[in-house]
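Trainee: Take this structure first; my questions come after.
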Amino acid sequence: MRQTWRWFGPKDLVSIDDMLQAGVEGVVSALHHVPTGEIWSSAEITRRQSEISRMRDGSASGLAWEVVESLPVSEDIKKQKGDWRSHISNYKHSLHNLHAAGIEVICYNFMPVLDWTRTDLAWRLPNGATCMRYDHTDFAAFDIHILARPGAAADYPAAIADAASQRAARMTEDMRAALARNIVFGLPGAAENFTLDDVRGHLAEYRHITAERLRQNLIDFLSEVAPVAQSLGMRLCCHPDDPPFPLMGLPRIMSTEADYQAIMQAVDLPANGITLCSGSLGARPDNDIPGMMDRLGARVHFLHMRNVARETEAISGSFYEAEHLGGGTDMVAFIAAVLREEARRRTAGRSDCNIPMRPDHGQDILDDLGRKAQPGYPSIGRLKGLAELRGIMTALAHPVEGLSL
Ligand code: DNO
């Protein structure tokens with residue numbers, strides 16, 4: 001596995017030096033300032049590469065931009081409206097420019113309107129650390145009473161809708177504003193920052209888009225871009241829905257193993273691949289992450305390693321972001337499955353037998369607290385996660401374990 005780290009660019013509180021000291025081998029980044037749908041120019045790509053290549057004192061870092069997360073897919077492409085055809089052609093153009101710069105792995109997602117979302121960005125744990133949390137009742141309170149989406153109450157079990165009404169009635173204006181901000185105003189890496197009215201407008205446009213339609217739109221997009229990626233030797237990898245269930249009445253189509261299987265089969269090219277995010281997928285009780293790695297591994301081009309603790313067995317339910325080795329996913333089994341896949345690739349002579357992984361998210365601990373880094377992306381919490389994951393990787397690959405890789 002290639003140990004990578006997400007870097008949001010020069011404004012990131014984590015420096016290139018910090019990443020090196022954390023033992024990072026490669027960098028995951030994106031041109032967040034380029035509006036979604038526009039071409040990523042060679043000049044902008046080169047600028048980011050040179051920012052990554054230098055330490056604070058100007059010496060060479062030895063680090064390179066290895067994974068794009070994300071080259072975002074526009075709402076127009078997802079809905080097949082407006083400028084979608086020119087956005088697809090711009091997407092291909094960006095792929096060419098990234099290829100010319102030597103970058104091969106491209107992550108994206110196909111979540112309608114909202115990218116990843118949480119209701120609480122700094123939930124206090126008993127030890128004083130904080131983490132992100134998704135509370136389904138709070139989300140329902142937002143959906144039914146703050147966004148006031150017509151018909152929203154019917155999308156929740158009666159007990160959740162009732163509890164949401166009681167909670168909403170007790171919320172002050174400040175609490176309502178904070179909840180709305182957490183949910184829709186864009187977490188790090190999200191392609192858009194929406195207002196409530198923007199969201200209402202988008203929801204109206206999705207009224208006639210069923211899950212089947214959205215899946216077809218993804219297939220149409222991939223039928224155009226995956227052959228380009230394939231011919232350039234690049235690997236596209238779709239990030240799962242986070243959380244992995246429908247929100248605000250919108251379809252979500254990359255939430256389960258069956259979802260991935262359908263898309264992999266529909267555009268059956270190695271370049272049409274997967275970002276296996278154990279944290280996103282792990283929020284559903286019916287997703288078996290090590291099993292998915294075993295069964296879909298040949299197409300997994302990027303790994304997000306993170307854990308969540310589910311608070312209910314319901315498919316749509318509350319969860320919080322646990323420590324990397326805590327929570328519901330068996331990380332040792334997951335990492336063992338990745339190592340088996342890498343061994344298969346080595347035997348097959350594949351050049352991509354070192355799959356990039358990054359420690360995804362982290363709890364805010366120690367000096368992270370009060371530092372106001374990007375939500376979910378503290379330096380020490382992630383460093384702890386990476387160190388723990390690296391320990392497992394090292395142990396499982398060690399000959400004394402007798403694991404013949
Ligand atoms: C959250 C991230 C997401 C992810 C995009 C991929 O921490 O995993 O922002 O980058 O959904 O397109």
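Chain labels run A, B, ... following the order of the structure tokens; each chain numbers its residues from 1, and ligands are numbered from 1 in the order shown.
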What's around Ala129 in chain A at 7 Å? Count only C-alpha atoms, leave out sequence neighbours fewer than 6 positions away in its own chain, and write the answer as a ChimeraX atom specification.

Mentor: /A:363-365

Trainee: Per residue of chain A within 6 Å of ligand 1, which atom pair is closest and at what distance in Å (one decimal), using only C-alpha atoms and all ligand atoms, listed by chain and increasing number, as a tab-separated table?

Mentor:
```
residue	atom	partner	partner_atom_place_in_ligand_line	distance
A:Glu69	CA	ligand 1	10 (O)	5.6
A:Ser70	CA	ligand 1	12 (O)	4.8
A:Cys107	CA	ligand 1	12 (O)	5.8
A:Tyr108	CA	ligand 1	12 (O)	3.9
A:Asn109	CA	ligand 1	12 (O)	4.1
A:Asp115	CA	ligand 1	11 (O)	5.5
A:Trp116	CA	ligand 1	3 (C)	5.7
A:Gly189	CA	ligand 1	9 (O)	4.6
A:Ala190	CA	ligand 1	9 (O)	5.4
A:His239	CA	ligand 1	6 (C)	5.1
```

Trainee: Take the selection from the previous step and output its residues with C-alpha atoms, as a short mmCIF file (atom, residue, chain, number, x, y, z; two decimals), in the first residue's frame.

Mentor:
```cif
data_model
loop_
_atom_site.label_atom_id
_atom_site.label_comp_id
_atom_site.auth_asym_id
_atom_site.auth_seq_id
_atom_site.Cartn_x
_atom_site.Cartn_y
_atom_site.Cartn_z
CA GLU A 69 -9.49 13.86 -5.01
CA SER A 70 -11.73 14.95 -6.53
CA CYS A 107 -11.33 10.04 -7.51
CA TYR A 108 -14.82 11.51 -8.00
CA ASN A 109 -18.29 10.94 -6.67
CA ASP A 115 -21.34 15.67 -1.15
CA TRP A 116 -20.60 14.07 2.23
CA GLY A 189 -13.53 18.90 -0.51
CA ALA A 190 -17.19 19.34 -1.41
CA HIS A 239 -16.18 7.39 -4.02
#
```

Trainee: Applying 8 Å and only C-alpha atoms, which residues near Ser255 in chain A remain after dropping the ones on its own chain fewer than 2 positions away? List them as a list in words.

Mentor: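 My reading of the contact set: Pro240, Asp241, Asp242, Pro244, Phe245, Arg252, Ile253, Glu257, Asp259, Tyr260 and Leu281 of chain A.
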
Trainee: So which one's closest to His99 in chain A, A:Gln230, A:Asn217, A:Ser351, A:Ser29? Using only C-alpha atoms, please.

Mentor: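 Of A:Gln230, A:Asn217, A:Ser351, A:Ser29, the one nearest His99 in chain A is A:Gln230, counting only C-alpha atoms.
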
Trainee: Would you pick out the contacts of Pro246 in chain A at 12 Å or less, using only C-alpha atoms, so that residues sharing its chain but fewer than 2 positions from it are not included, and give the list as JSON, numbers by chain?

Mentor: {"A": [111, 112, 113, 114, 116, 117, 136, 139, 155, 156, 210, 211, 241, 242, 243, 244, 248, 249, 250, 251, 252, 253, 254, 255, 256, 284, 315, 316, 317]}

Trainee: Go ahead and write the selection's residues with C-alpha atoms as a PDB file, in the first residue's frame.

Mentor:
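Heads up, here's the output in out.pdb:
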```
ATOM      1  CA  MET A 111     -23.822  12.095  -5.060  1.00  0.00           C
ATOM      2  CA  PRO A 112     -26.666  14.373  -6.097  1.00  0.00           C
ATOM      3  CA  VAL A 113     -26.596  17.923  -4.662  1.00  0.00           C
ATOM      4  CA  LEU A 114     -24.773  17.235  -1.396  1.00  0.00           C
ATOM      5  CA  TRP A 116     -20.599  14.074   2.226  1.00  0.00           C
ATOM      6  CA  THR A 117     -22.565  15.445   5.128  1.00  0.00           C
ATOM      7  CA  HIS A 136     -30.539  10.829  11.794  1.00  0.00           C
ATOM      8  CA  PHE A 139     -31.071  15.390   9.936  1.00  0.00           C
ATOM      9  CA  ASP A 155     -39.555   9.720   4.271  1.00  0.00           C
ATOM     10  CA  TYR A 156     -38.756   8.898   7.929  1.00  0.00           C
ATOM     11  CA  THR A 210     -35.223   8.282 -10.153  1.00  0.00           C
ATOM     12  CA  ALA A 211     -32.396   6.060  -8.927  1.00  0.00           C
ATOM     13  CA  ASP A 241     -22.166   7.941  -1.035  1.00  0.00           C
ATOM     14  CA  ASP A 242     -21.581   9.314   2.437  1.00  0.00           C
ATOM     15  CA  PRO A 243     -23.793   8.529   4.241  1.00  0.00           C
ATOM     16  CA  PRO A 244     -24.696   5.526   2.067  1.00  0.00           C
ATOM     17  CA  MET A 248     -33.702  14.601   1.305  1.00  0.00           C
ATOM     18  CA  GLY A 249     -35.649  12.318  -1.004  1.00  0.00           C
ATOM     19  CA  LEU A 250     -32.713  12.191  -3.436  1.00  0.00           C
ATOM     20  CA  PRO A 251     -31.538   8.901  -4.898  1.00  0.00           C
ATOM     21  CA  ARG A 252     -28.074   7.680  -3.949  1.00  0.00           C
ATOM     22  CA  ILE A 253     -26.694   4.982  -6.195  1.00  0.00           C
ATOM     23  CA  MET A 254     -23.184   4.132  -4.935  1.00  0.00           C
ATOM     24  CA  SER A 255     -24.002   2.854  -1.479  1.00  0.00           C
ATOM     25  CA  THR A 256     -23.682  -0.931  -1.657  1.00  0.00           C
ATOM     26  CA  ARG A 284     -24.564   0.627   6.636  1.00  0.00           C
ATOM     27  CA  ILE A 315     -29.994   1.079   7.135  1.00  0.00           C
ATOM     28  CA  SER A 316     -30.518   4.842   7.507  1.00  0.00           C
ATOM     29  CA  GLY A 317     -29.257   5.594  10.971  1.00  0.00           C
TER      30      GLY A 317
END
```
